[in-house]
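Enquirer: So I've got this file, model.cif, and it contains mmCIF, C-alpha atoms:
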```
data_model
loop_
_atom_site.label_atom_id
_atom_site.label_comp_id
_atom_site.auth_asym_id
_atom_site.auth_seq_id
_atom_site.Cartn_x
_atom_site.Cartn_y
_atom_site.Cartn_z
CA MET A 412 0.00 0.00 0.00
CA THR A 413 1.61 3.22 -1.13
CA VAL A 414 0.73 6.83 -1.68
CA LEU A 415 0.78 8.63 -4.99
CA LEU A 416 -0.16 12.11 -3.86
CA ASP A 417 0.91 13.90 -0.74
CA ALA A 418 -2.18 15.98 -0.34
CA ALA A 419 -2.41 18.60 2.36
CA SER A 420 -6.03 19.75 2.25
CA PRO A 421 -9.15 17.60 2.60
CA LEU A 422 -10.25 18.70 -0.89
CA LEU A 423 -7.00 17.49 -2.42
CA ILE A 424 -7.43 14.20 -0.57
CA ALA A 425 -11.03 13.81 -1.73
CA ILE A 426 -10.41 14.47 -5.43
CA PRO A 427 -8.16 11.46 -6.12
CA ILE A 428 -10.38 9.18 -4.05
CA LEU A 429 -13.43 10.29 -6.03
CA LEU A 430 -11.54 9.89 -9.29
CA ILE A 431 -10.53 6.37 -8.37
CA LEU A 432 -14.07 5.50 -7.33
CA VAL A 433 -15.36 6.81 -10.67
CA ILE A 434 -12.79 4.68 -12.49
CA VAL A 435 -13.79 1.64 -10.42
CA ALA A 436 -17.47 2.26 -11.19
CA LEU A 437 -16.81 2.69 -14.92
CA VAL A 438 -14.73 -0.48 -15.14
CA GLY A 439 -17.39 -2.30 -13.12
CA ALA A 440 -20.08 -1.15 -15.54
CA ALA A 441 -17.97 -2.26 -18.50
CA ILE A 442 -17.51 -5.70 -16.91
CA TYR A 443 -21.26 -5.96 -16.37
CA PHE A 444 -22.09 -5.24 -19.99
CA ILE A 445 -19.47 -7.69 -21.26
CA VAL A 446 -20.68 -10.44 -18.90
CA ARG A 447 -24.29 -9.77 -19.90
CA ALA A 448 -23.37 -9.96 -23.57
CA ILE A 449 -21.58 -13.29 -23.04
CA LYS A 450 -24.53 -14.70 -21.09
CA LYS A 451 -27.03 -13.58 -23.74
CA LYS A 452 -24.99 -15.17 -26.52
CA LYS A 453 -25.13 -18.57 -24.82
CA MET B 1052 -7.71 -35.77 -20.43
CA LYS B 1053 -4.31 -37.12 -19.56
CA HIS B 1054 -2.05 -35.99 -16.72
CA THR B 1055 -4.61 -33.55 -15.29
CA GLY B 1056 -3.26 -33.96 -11.75
CA LEU B 1057 0.35 -33.68 -12.85
CA ARG B 1058 -0.43 -30.65 -15.00
CA LEU B 1059 -2.19 -28.96 -12.09
CA SER B 1060 0.77 -29.69 -9.80
CA ILE B 1061 3.27 -28.27 -12.27
CA CYS B 1062 1.13 -25.18 -12.84
CA ALA B 1063 0.79 -24.69 -9.07
CA LEU B 1064 4.56 -25.01 -8.54
CA THR B 1065 5.25 -22.66 -11.45
CA HIS B 1066 2.76 -20.21 -9.94
CA PHE B 1067 4.83 -20.26 -6.77
CA ALA B 1068 8.03 -19.75 -8.78
CA VAL B 1069 6.66 -16.90 -10.94
CA ASP B 1070 5.35 -14.97 -7.93
CA MET B 1071 8.62 -15.61 -6.09
CA CYS B 1072 10.64 -14.22 -9.02
CA CYS B 1073 8.36 -11.18 -9.37
CA PHE B 1074 8.57 -10.27 -5.71
CA TYR B 1075 12.29 -10.96 -5.57
CA ALA B 1076 12.76 -8.46 -8.39
CA LEU B 1077 10.29 -5.94 -6.94
CA TYR B 1078 11.96 -6.01 -3.53
CA SER B 1079 15.43 -6.01 -5.07
CA TYR B 1080 15.26 -2.97 -7.30
CA VAL B 1081 11.76 -1.44 -7.45
CA PHE B 1082 10.53 -0.82 -3.93
CA ASN B 1083 13.62 1.14 -2.90
CA ASP B 1084 13.28 3.56 -5.83
CA ALA B 1085 12.01 7.10 -5.23
CA SER B 1086 9.04 6.48 -7.56
CA ALA B 1087 8.12 3.16 -5.98
CA ALA B 1088 4.44 4.13 -5.67
CA MET B 1089 4.11 4.65 -9.39
CA TRP B 1090 5.95 1.39 -10.18
CA VAL B 1091 3.71 -0.55 -7.81
CA LEU B 1092 0.63 0.92 -9.45
CA MET B 1093 1.99 0.05 -12.89
CA TYR B 1094 2.96 -3.48 -11.87
CA ASN B 1095 -0.42 -4.22 -10.27
CA ALA B 1096 -2.34 -2.67 -13.16
CA LEU B 1097 -0.47 -4.89 -15.61
CA ALA B 1098 -0.35 -8.07 -13.53
CA PHE B 1099 -3.98 -7.96 -12.40
CA GLY B 1100 -5.66 -5.80 -15.04
CA LEU B 1101 -4.28 -7.54 -18.12
CA GLN B 1102 -5.52 -10.98 -17.17
CA ALA B 1103 -9.07 -10.43 -18.41
CA PRO B 1104 -8.09 -9.52 -22.02
CA LEU B 1105 -5.31 -12.12 -22.03
CA GLY B 1106 -7.79 -14.65 -20.67
CA ALA B 1107 -10.15 -13.88 -23.54
CA LEU B 1108 -7.23 -14.55 -25.87
CA ALA B 1109 -6.39 -17.82 -24.08
CA ASP B 1110 -10.00 -18.96 -24.47
CA ARG B 1111 -9.50 -18.95 -28.23
CA LEU B 1112 -6.49 -21.26 -28.00
CA ASP B 1113 -6.71 -25.02 -27.59
CA ASP B 1114 -3.19 -25.08 -26.20
CA ALA B 1115 -2.45 -22.36 -23.64
CA ARG B 1116 1.13 -23.48 -23.01
CA PRO B 1117 2.67 -20.75 -25.22
CA LEU B 1118 1.07 -18.07 -23.02
CA ALA B 1119 2.26 -19.68 -19.80
CA VAL B 1120 5.76 -20.27 -21.15
CA LEU B 1121 6.00 -16.74 -22.54
CA GLY B 1122 4.93 -15.46 -19.11
CA CYS B 1123 7.74 -17.41 -17.44
CA GLY B 1124 10.23 -16.11 -19.99
CA LEU B 1125 9.25 -12.46 -19.57
CA THR B 1126 9.37 -12.85 -15.79
CA ALA B 1127 12.87 -14.32 -16.01
CA ILE B 1128 14.07 -11.42 -18.16
CA GLY B 1129 12.37 -9.00 -15.75
CA VAL B 1130 14.40 -10.41 -12.86
CA MET B 1131 17.57 -9.45 -14.70
CA ALA B 1132 16.37 -5.95 -15.65
CA SER B 1133 17.55 -4.23 -12.49
CA GLY B 1134 19.28 -1.51 -14.53
CA ALA B 1135 16.08 -0.35 -16.21
CA ILE B 1136 13.18 -0.17 -13.77
CA LEU B 1137 10.51 0.73 -16.33
CA ALA B 1138 11.43 -2.20 -18.56
CA GLY B 1139 11.66 -4.47 -15.53
CA VAL B 1140 8.22 -3.53 -14.22
CA LEU B 1141 6.68 -3.93 -17.68
CA LEU B 1142 8.27 -7.35 -18.15
CA LEU B 1143 7.32 -8.55 -14.67
CA GLY B 1144 3.74 -7.27 -14.90
CA VAL B 1145 3.03 -8.67 -18.35
CA GLY B 1146 4.92 -11.90 -17.61
CA ASN B 1147 2.99 -12.43 -14.39
CA ALA B 1148 -0.36 -11.85 -16.13
CA LEU B 1149 0.51 -14.16 -19.02
CA PHE B 1150 1.55 -17.01 -16.77
CA HIS B 1151 -1.40 -16.70 -14.39
CA VAL B 1152 -3.94 -16.86 -17.18
CA GLY B 1153 -2.05 -19.47 -19.20
CA GLY B 1154 -1.58 -21.69 -16.15
CA ALA B 1155 -5.22 -21.29 -15.10
CA VAL B 1156 -6.50 -22.22 -18.54
CA LEU B 1157 -4.10 -25.17 -18.75
CA SER B 1158 -5.05 -26.61 -15.39
CA LEU B 1159 -8.61 -25.47 -14.65
CA ARG B 1160 -10.41 -25.12 -17.98
CA SER B 1161 -11.79 -28.66 -18.00
CA ARG B 1162 -13.04 -28.39 -14.39
CA PRO B 1163 -14.09 -24.78 -13.82
CA GLY B 1164 -16.35 -25.64 -10.90
CA ASP B 1165 -13.72 -27.62 -9.00
CA ALA B 1166 -12.81 -25.35 -6.11
CA ARG B 1167 -10.23 -27.81 -4.79
CA ALA B 1168 -8.26 -27.59 -8.03
CA ALA B 1169 -8.68 -23.80 -8.11
CA GLY B 1170 -7.40 -23.48 -4.55
CA PHE B 1171 -4.50 -25.81 -5.26
CA TYR B 1172 -3.49 -23.71 -8.27
CA VAL B 1173 -3.85 -20.29 -6.65
CA ALA B 1174 -2.67 -20.92 -3.07
CA PRO B 1175 1.10 -21.29 -3.74
CA GLY B 1176 1.20 -17.71 -5.04
CA ALA B 1177 0.89 -16.34 -1.51
CA LEU B 1178 3.92 -18.33 -0.37
CA GLY B 1179 5.81 -17.37 -3.53
CA THR B 1180 5.41 -13.65 -2.90
CA ALA B 1181 6.60 -14.02 0.70
CA CYS B 1182 9.57 -16.18 -0.27
CA GLY B 1183 10.55 -13.75 -3.02
CA ALA B 1184 10.42 -10.82 -0.62
CA ALA B 1185 12.42 -12.73 2.00
CA LEU B 1186 15.07 -13.85 -0.50
CA ALA B 1187 15.50 -10.31 -1.83
CA THR B 1188 16.57 -9.12 1.60
CA SER B 1189 18.83 -12.08 2.33
CA THR B 1190 22.35 -12.55 1.07
CA GLY B 1191 23.53 -15.38 -1.12
CA THR B 1192 20.80 -15.37 -3.75
CA THR B 1193 21.55 -14.22 -7.26
CA PRO B 1194 19.22 -13.53 -10.21
CA ALA B 1195 20.83 -16.47 -12.01
CA SER B 1196 19.27 -18.95 -9.59
CA PHE B 1197 15.80 -17.53 -10.36
CA ILE B 1198 16.47 -17.82 -14.09
CA LEU B 1199 17.34 -21.48 -13.56
CA VAL B 1200 14.11 -22.05 -11.64
CA MET B 1201 12.11 -20.44 -14.46
CA LEU B 1202 13.89 -22.59 -17.03
CA ILE B 1203 12.98 -25.77 -15.15
CA CYS B 1204 9.37 -24.59 -14.92
CA VAL B 1205 9.22 -23.90 -18.66
CA LEU B 1206 10.57 -27.37 -19.47
CA ALA B 1207 8.10 -29.02 -17.09
CA LEU B 1208 5.15 -27.03 -18.47
CA TRP B 1209 6.03 -28.00 -22.00
CA ALA B 1210 6.74 -31.65 -21.16
CA VAL B 1211 3.38 -32.26 -19.48
CA GLY B 1212 1.59 -31.68 -22.78
CA GLU B 1213 -1.19 -29.44 -23.92
CA GLY B 1214 -4.21 -29.17 -21.68
CA PRO B 1215 -7.80 -30.06 -22.56
CA ALA B 1216 -9.27 -28.19 -25.50
CA CYS B 1217 -11.91 -25.53 -24.99
CA GLY B 1218 -15.36 -26.97 -24.31
CA LEU B 1219 -14.26 -30.36 -22.89
CA TYR B 1220 -15.43 -30.71 -19.31
CA GLU B 1221 -14.96 -33.30 -16.60
CA LYS B 1222 -17.80 -34.57 -14.40
CA PRO B 1223 -18.98 -31.91 -11.89
CA VAL B 1224 -17.59 -32.29 -8.38
CA PRO B 1225 -19.78 -32.71 -5.27
CA LEU B 1226 -21.61 -29.63 -3.98
CA GLU B 1227 -20.79 -27.43 -6.97
CA PRO B 1228 -23.16 -24.45 -6.97
CA SER B 1229 -25.42 -23.67 -9.89
CA PRO B 1230 -24.04 -21.32 -12.56
CA LEU B 1231 -24.54 -17.68 -11.64
CA GLY B 1232 -26.56 -15.14 -13.60
CA ASP B 1233 -24.96 -11.91 -14.80
CA ALA B 1234 -26.04 -9.90 -11.74
CA ALA B 1235 -24.87 -12.67 -9.40
CA ILE B 1236 -21.48 -12.73 -11.15
CA MET B 1237 -21.18 -8.98 -10.54
CA LEU B 1238 -22.06 -9.45 -6.86
CA CYS B 1239 -19.48 -12.20 -6.61
CA LEU B 1240 -16.87 -9.91 -8.19
CA PHE B 1241 -17.91 -7.16 -5.77
CA SER B 1242 -17.27 -9.50 -2.85
CA ILE B 1243 -13.82 -10.28 -4.29
CA GLY B 1244 -13.11 -6.54 -4.49
CA VAL B 1245 -14.23 -6.09 -0.90
CA ARG B 1246 -11.95 -8.95 0.17
CA SER B 1247 -9.09 -7.23 -1.61
CA PHE B 1248 -9.77 -3.86 0.04
CA THR B 1249 -10.15 -5.38 3.48
CA GLY B 1250 -7.17 -7.70 3.05
CA PHE B 1251 -4.88 -4.77 2.24
CA SER B 1252 -6.21 -2.37 4.86
CA ILE B 1253 -5.96 -4.44 8.03
CA ARG B 1254 -3.33 -4.12 10.71
CA THR B 1255 -1.14 -7.22 10.95
CA MET B 1256 1.92 -7.98 13.05
CA ASP B 1257 4.21 -7.65 10.01
CA ILE B 1258 5.28 -11.27 10.18
CA LEU B 1259 5.61 -11.90 6.47
CA MET B 1260 5.61 -15.68 6.50
CA ALA B 1261 2.75 -15.95 9.01
CA GLY B 1262 0.44 -13.88 6.80
CA ALA B 1263 1.48 -15.74 3.66
CA GLY B 1264 1.15 -19.11 5.38
CA ALA B 1265 -2.34 -18.28 6.66
CA ALA B 1266 -3.43 -17.13 3.19
CA PHE B 1267 -1.91 -20.23 1.60
CA LEU B 1268 -3.67 -22.59 4.00
CA GLY B 1269 -6.97 -20.74 3.66
CA LYS B 1270 -6.96 -20.85 -0.13
CA ALA B 1271 -5.82 -24.46 -0.30
CA LEU B 1272 -8.17 -25.79 2.38
CA GLY B 1273 -11.13 -23.69 1.19
CA GLY B 1274 -11.31 -25.86 -1.90
CA VAL B 1275 -10.96 -29.04 0.15
CA PHE B 1276 -13.73 -28.02 2.57
CA ALA B 1277 -15.90 -27.14 -0.43
CA ARG B 1278 -16.25 -30.86 -1.12
CA LYS B 1279 -17.86 -31.38 2.29
CA LEU B 1280 -19.73 -28.17 3.11
CA ASN B 1281 -22.22 -26.12 1.15
CA TRP B 1282 -20.38 -23.27 -0.50
CA ASN B 1283 -22.67 -20.53 0.73
CA ILE B 1284 -22.32 -21.64 4.36
CA LEU B 1285 -18.54 -21.97 4.02
CA SER B 1286 -18.34 -18.47 2.51
CA LEU B 1287 -20.56 -16.97 5.18
CA LEU B 1288 -18.46 -18.47 7.96
CA GLY B 1289 -15.13 -17.79 6.30
CA VAL B 1290 -15.62 -14.22 5.11
CA GLY B 1291 -17.96 -13.23 7.95
CA VAL B 1292 -16.05 -14.63 10.92
CA GLY B 1293 -12.65 -14.13 9.29
CA GLY B 1294 -13.50 -10.54 8.39
CA LEU B 1295 -14.66 -9.77 11.93
CA MET B 1296 -11.50 -11.30 13.39
CA MET B 1297 -9.30 -9.32 11.00
CA SER B 1298 -11.20 -6.13 11.78
CA PHE B 1299 -11.29 -6.32 15.54
CA PHE B 1300 -8.11 -8.28 16.32
CA GLY B 1301 -5.76 -6.36 14.02
CA GLY B 1302 -2.18 -6.36 15.29
CA THR B 1303 -2.67 -9.49 17.41
CA PRO B 1304 -1.87 -13.13 16.54
CA PHE B 1305 -5.61 -13.73 16.03
CA VAL B 1306 -5.43 -11.69 12.84
CA TYR B 1307 -3.73 -14.65 11.17
CA ILE B 1308 -6.63 -16.94 12.05
CA GLY B 1309 -8.82 -14.26 10.49
CA ILE B 1310 -6.68 -14.24 7.34
CA PHE B 1311 -6.94 -18.03 7.15
CA LEU B 1312 -10.73 -17.98 7.47
CA PHE B 1313 -11.06 -15.02 5.14
CA ASN B 1314 -9.21 -16.84 2.36
CA LEU B 1315 -11.38 -19.96 2.55
CA ALA B 1316 -13.84 -18.34 0.14
CA MET B 1317 -11.26 -17.44 -2.49
CA PRO B 1318 -11.34 -20.71 -4.47
CA LEU B 1319 -15.12 -20.78 -4.18
CA THR B 1320 -15.64 -17.38 -5.79
CA LEU B 1321 -13.06 -18.14 -8.48
CA SER B 1322 -14.69 -21.45 -9.36
CA ALA B 1323 -18.20 -19.99 -9.25
CA VAL B 1324 -17.29 -17.24 -11.73
CA MET B 1325 -15.35 -19.61 -14.00
CA LYS B 1326 -18.18 -22.12 -14.04
CA SER B 1327 -20.71 -19.41 -14.85
CA LEU B 1328 -19.02 -18.39 -18.10
CA PRO B 1329 -18.58 -21.69 -19.96
CA GLY B 1330 -16.20 -21.39 -22.87
CA HIS B 1331 -14.75 -18.21 -21.33
CA GLU B 1332 -12.86 -19.68 -18.37
CA GLY B 1333 -9.71 -17.65 -19.01
CA PHE B 1334 -11.68 -14.41 -19.23
CA ALA B 1335 -13.58 -15.33 -16.06
CA PHE B 1336 -10.30 -15.97 -14.24
CA GLY B 1337 -9.12 -12.54 -15.41
CA LEU B 1338 -12.31 -10.90 -14.14
CA THR B 1339 -11.58 -12.11 -10.63
CA THR B 1340 -8.08 -10.60 -10.70
CA LEU B 1341 -9.50 -7.39 -12.15
CA ALA B 1342 -11.88 -7.29 -9.17
CA LEU B 1343 -8.87 -7.68 -6.87
CA LEU B 1344 -7.22 -4.71 -8.59
CA LEU B 1345 -10.36 -2.57 -8.34
CA GLY B 1346 -10.69 -3.40 -4.65
CA TRP B 1347 -7.10 -2.38 -4.01
CA LEU B 1348 -7.17 0.75 -6.18
CA PRO B 1349 -8.82 3.15 -3.65
CA LEU B 1350 -5.96 2.47 -1.25
CA ILE B 1351 -3.34 4.07 -3.51
CA THR B 1352 -4.78 7.50 -2.80
CA LEU B 1353 -4.45 7.08 0.95
CA GLU B 1354 -1.51 7.45 3.25
CA THR B 1355 1.13 4.71 3.31
CA GLY B 1356 0.27 2.12 5.91
CA TRP B 1357 -3.29 3.40 6.25
CA CYS B 1358 -5.57 0.94 8.04
CA ALA B 1359 -9.32 1.11 7.55
CA PRO B 1360 -11.43 1.65 10.70
CA ALA B 1361 -12.56 -1.63 12.23
CA TRP B 1362 -16.25 -0.81 11.72
CA LEU B 1363 -15.71 -0.20 7.98
CA ASN B 1364 -13.84 -3.46 7.43
CA ALA B 1365 -16.36 -5.35 9.54
CA ALA B 1366 -19.33 -3.90 7.64
CA LEU B 1367 -17.74 -4.60 4.25
CA SER B 1368 -16.80 -8.16 5.26
CA LEU B 1369 -20.28 -8.91 6.53
CA ALA B 1370 -21.80 -7.49 3.33
CA ALA B 1371 -19.47 -9.64 1.21
CA ALA B 1372 -20.25 -12.71 3.35
CA LEU B 1373 -23.99 -12.14 3.00
CA ILE B 1374 -23.69 -11.69 -0.77
CA LEU B 1375 -21.79 -14.97 -1.10
CA PHE B 1376 -24.30 -16.73 1.16
CA LEU B 1377 -27.14 -15.66 -1.11
CA VAL B 1378 -25.31 -16.19 -4.40
CA LEU B 1379 -23.39 -19.47 -4.02
CA VAL B 1380 -26.39 -21.76 -3.74
CA ARG B 1381 -27.02 -25.11 -5.33
CA LYS B 1382 -30.38 -25.22 -7.04
CA HIS B 1383 -30.13 -28.86 -8.07
CA ASP B 1384 -27.91 -31.85 -7.39
CA ASN B 1385 -24.91 -31.46 -9.66
CA ASN B 1386 -23.55 -34.82 -8.61
CA LYS B 1387 -26.20 -36.66 -10.53
CA THR B 1388 -25.15 -37.56 -14.01
CA GLN B 1389 -27.65 -38.52 -16.68
CA GLU B 1390 -26.98 -42.18 -15.86
CA ASP B 1391 -27.67 -41.69 -12.13
CA THR B 1392 -30.90 -39.89 -12.94
CA THR B 1393 -32.02 -42.73 -15.19
CA ASN B 1394 -31.16 -45.31 -12.53
CA ASP B 1395 -33.11 -43.35 -9.94
CA SER B 1396 -36.19 -43.19 -12.11
CA VAL B 1397 -35.98 -46.94 -12.87
CA ALA B 1398 -35.67 -47.74 -9.17
#
```
Re-express the file's structure as structure tokens.
Expert:
Amino acid sequence: MTVLLDAASPLLIAIPILLILVIVALVGAAIYFIVRAIKKKK
Amino acid sequence: MKHTGLRLSICALTHFAVDMCCFYALYSYVFNDASAAMWVLMYNALAFGLQAPLGALADRLDDARPLAVLGCGLTAIGVMASGAILAGVLLLGVGNALFHVGGAVLSLRSRPGDARAAGFYVAPGALGTACGAALATSTGTTPASFILVMLICVLALWAVGEGPACGLYEKPVPLEPSPLGDAAIMLCLFSIGVRSFTGFSIRTMDILMAGAGAAFLGKALGGVFARKLNWNILSLLGVGVGGLMMSFFGGTPFVYIGIFLFNLAMPLTLSAVMKSLPGHEGFAFGLTTLALLLGWLPLITLETGWCAPAWLNAALSLAAALILFLVLVRKHDNNKTQEDTTNDSVA
């Protein structure tokens, strides 16, 4: 576990966390659509 | 399907060796660099994130040995690349991903629902990472010895022959759960992500081998217990109780019992996802590692050594345990073959 940004203010801490969560959500959504497509094809 | 047991054993041993080489290299020349955080992110993104697309590629091949062997080769070159960190991290990350997927397809494709085989394949990785880290800090080991180990693994992988072709399956094992629907697969992947987040944000006693040993035993025995206990009950007990122990006994010896219990569910979730995407076992394997990466990702923005509050880890663990309890159910008896069913009806 390591740190990429040494943020001083709460806002600067929140921005990367939110960004990461958005990325996680987007990748999750992509996985869902791919899995659904595979299941439908069967 | 010849040599399935031998092939699984060789893949499991090579898994140990590949992870050992990767962590030896990472601890030797990556972690002490000023940009270590970025290298770790790059390595994990490659090693865990690439497995889904590479798995989709492996699903199109009847013989996955070239992928596994190429992975070993890249890893071996990566061990020697101490002079060029970027090249080393790229080689190690891609090599690791290639071997993991290639080895999984070689050894698990014909029995995607067999949690015992899945646990046997995956478990040695935990020991490999710990051994690699320990060897990097000890004197007397040279990169040449790791190259030799990789060479032996490559020869063994090739000698054991190509694995079963895509679409050939063995008889289901006892207590296999029913295939999951798309939403259930997502919930299963969510629980894997939660396990990853919790696993990396607990407070341990920093005894490297104890943590690795507990994870190894949990993963290996989870698959064995899955032959005797219903998967949803095993997951509920393992992730629920293990998660609570890890959350509230962080920094004490009990945390290692928690890690053991927590890892019991790992082969179950892997097998459940692989079984649910027939014909796409490699891709399914990659999805589980992608979920591990996504679960770990939020932690990179936080302070080094940050530990999640006990209530957060406990709540997440209980949610993951409940999800697995509801998802990993057996709707019909998978043990019954067509012949058994016919005999039953005649009787």
Enquirer: Up to 10 Å from chain A, what residues of chain B turn up? Count all atoms listed in the file and give them as an MDAnalysis selection string.
Expert: chainID B and resid 1086:1089 1091:1092 1103 1231:1234 1236:1237 1240:1241 1251:1252 1327:1331 1334:1335 1338 1341:1342 1344:1358
Enquirer: Using only C-alpha atoms, please write the residues we just selected to a file, as a short mmCIF file (atom, residue, chain, number, x, y, z; two decimals), in the coordinates of the input.
Expert:
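Wrote it out as part.cif, contents follow:
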```
data_model
loop_
_atom_site.label_atom_id
_atom_site.label_comp_id
_atom_site.auth_asym_id
_atom_site.auth_seq_id
_atom_site.Cartn_x
_atom_site.Cartn_y
_atom_site.Cartn_z
CA SER B 1086 9.04 6.48 -7.56
CA ALA B 1087 8.12 3.16 -5.98
CA ALA B 1088 4.44 4.13 -5.67
CA MET B 1089 4.11 4.65 -9.39
CA VAL B 1091 3.71 -0.55 -7.81
CA LEU B 1092 0.63 0.92 -9.45
CA ALA B 1103 -9.07 -10.43 -18.41
CA LEU B 1231 -24.54 -17.68 -11.64
CA GLY B 1232 -26.56 -15.14 -13.60
CA ASP B 1233 -24.96 -11.91 -14.80
CA ALA B 1234 -26.04 -9.90 -11.74
CA ILE B 1236 -21.48 -12.73 -11.15
CA MET B 1237 -21.18 -8.98 -10.54
CA LEU B 1240 -16.87 -9.91 -8.19
CA PHE B 1241 -17.91 -7.16 -5.77
CA PHE B 1251 -4.88 -4.77 2.24
CA SER B 1252 -6.21 -2.37 4.86
CA SER B 1327 -20.71 -19.41 -14.85
CA LEU B 1328 -19.02 -18.39 -18.10
CA PRO B 1329 -18.58 -21.69 -19.96
CA GLY B 1330 -16.20 -21.39 -22.87
CA HIS B 1331 -14.75 -18.21 -21.33
CA PHE B 1334 -11.68 -14.41 -19.23
CA ALA B 1335 -13.58 -15.33 -16.06
CA LEU B 1338 -12.31 -10.90 -14.14
CA LEU B 1341 -9.50 -7.39 -12.15
CA ALA B 1342 -11.88 -7.29 -9.17
CA LEU B 1344 -7.22 -4.71 -8.59
CA LEU B 1345 -10.36 -2.57 -8.34
CA GLY B 1346 -10.69 -3.40 -4.65
CA TRP B 1347 -7.10 -2.38 -4.01
CA LEU B 1348 -7.17 0.75 -6.18
CA PRO B 1349 -8.82 3.15 -3.65
CA LEU B 1350 -5.96 2.47 -1.25
CA ILE B 1351 -3.34 4.07 -3.51
CA THR B 1352 -4.78 7.50 -2.80
CA LEU B 1353 -4.45 7.08 0.95
CA GLU B 1354 -1.51 7.45 3.25
CA THR B 1355 1.13 4.71 3.31
CA GLY B 1356 0.27 2.12 5.91
CA TRP B 1357 -3.29 3.40 6.25
CA CYS B 1358 -5.57 0.94 8.04
#
```
Enquirer: Write out as a VMD selection string each polymer residue whose atoms come within 9 Å of B:Tyr1080, counting all atoms listed in the file; drop sequence neighbours fewer than 3 positions from it.
Expert: chain B and resid 1075 to 1077 1083 to 1084 1132 to 1134 1136
Enquirer: Within 12 Å of B:Ser1298, counting all atoms listed in the file, which residues qualify if same-chain residues fewer than 5 places away don't, as a ChimeraX atom specification?
Expert: /B:1246,1249-1255,1290-1293,1303,1305-1310,1313,1358-1369
Enquirer: Hey, can you check how far atom CA of B:Lys1270 sits from atom CA of B:Gly1170?
Expert: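 We find that atom CA of B:Lys1270 and atom CA of B:Gly1170 lie 5.2 Å from each other.
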Enquirer: Nearest to B:Leu1101: which of B:His1066, B:His1054, B:His1151, B:Arg1116 is it, counting only C-alpha atoms?
Expert: B:His1151
Enquirer: Expanded to explicit residues, what is the PyMOL selection byres ((chain B and resi 1162) around 12) for this file, as a ChimeraX atom specification?
Expert: /B:1052,1055-1056,1059,1155-1161,1163-1169,1214-1224,1227,1321-1323,1325-1327,1329-1330,1332
Enquirer: What does the structure give for the distance between atom CA of B:Leu1285 and atom CA of B:Ala1148, in Å to one decimal?
Expert: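 Distance reported for this atom pair: 29.0 Å.
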Enquirer: One decimal, Å: what's the distance from atom CA of B:Ala1115 over to atom CA of B:Phe1150, could you say?
Expert: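 Value for the atom CA of B:Ala1115-atom CA of B:Phe1150 distance: 9.6 Å.
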Enquirer: Evaluating the PyMOL selection byres ((chain B and resi 1374) around 10) on the displayed file yields which residues, as a count of residues only?
Expert: 19
Enquirer: Using only C-alpha atoms, which protein or nucleic acid residues come within 6 Å of stretch 1172-1178 of chain B? Drop anything in the same chain fewer than 5 positions from it, and give the result as JSON, numbers by chain.
Expert: {"B": [1063, 1066, 1067, 1070, 1263, 1267, 1270, 1271]}
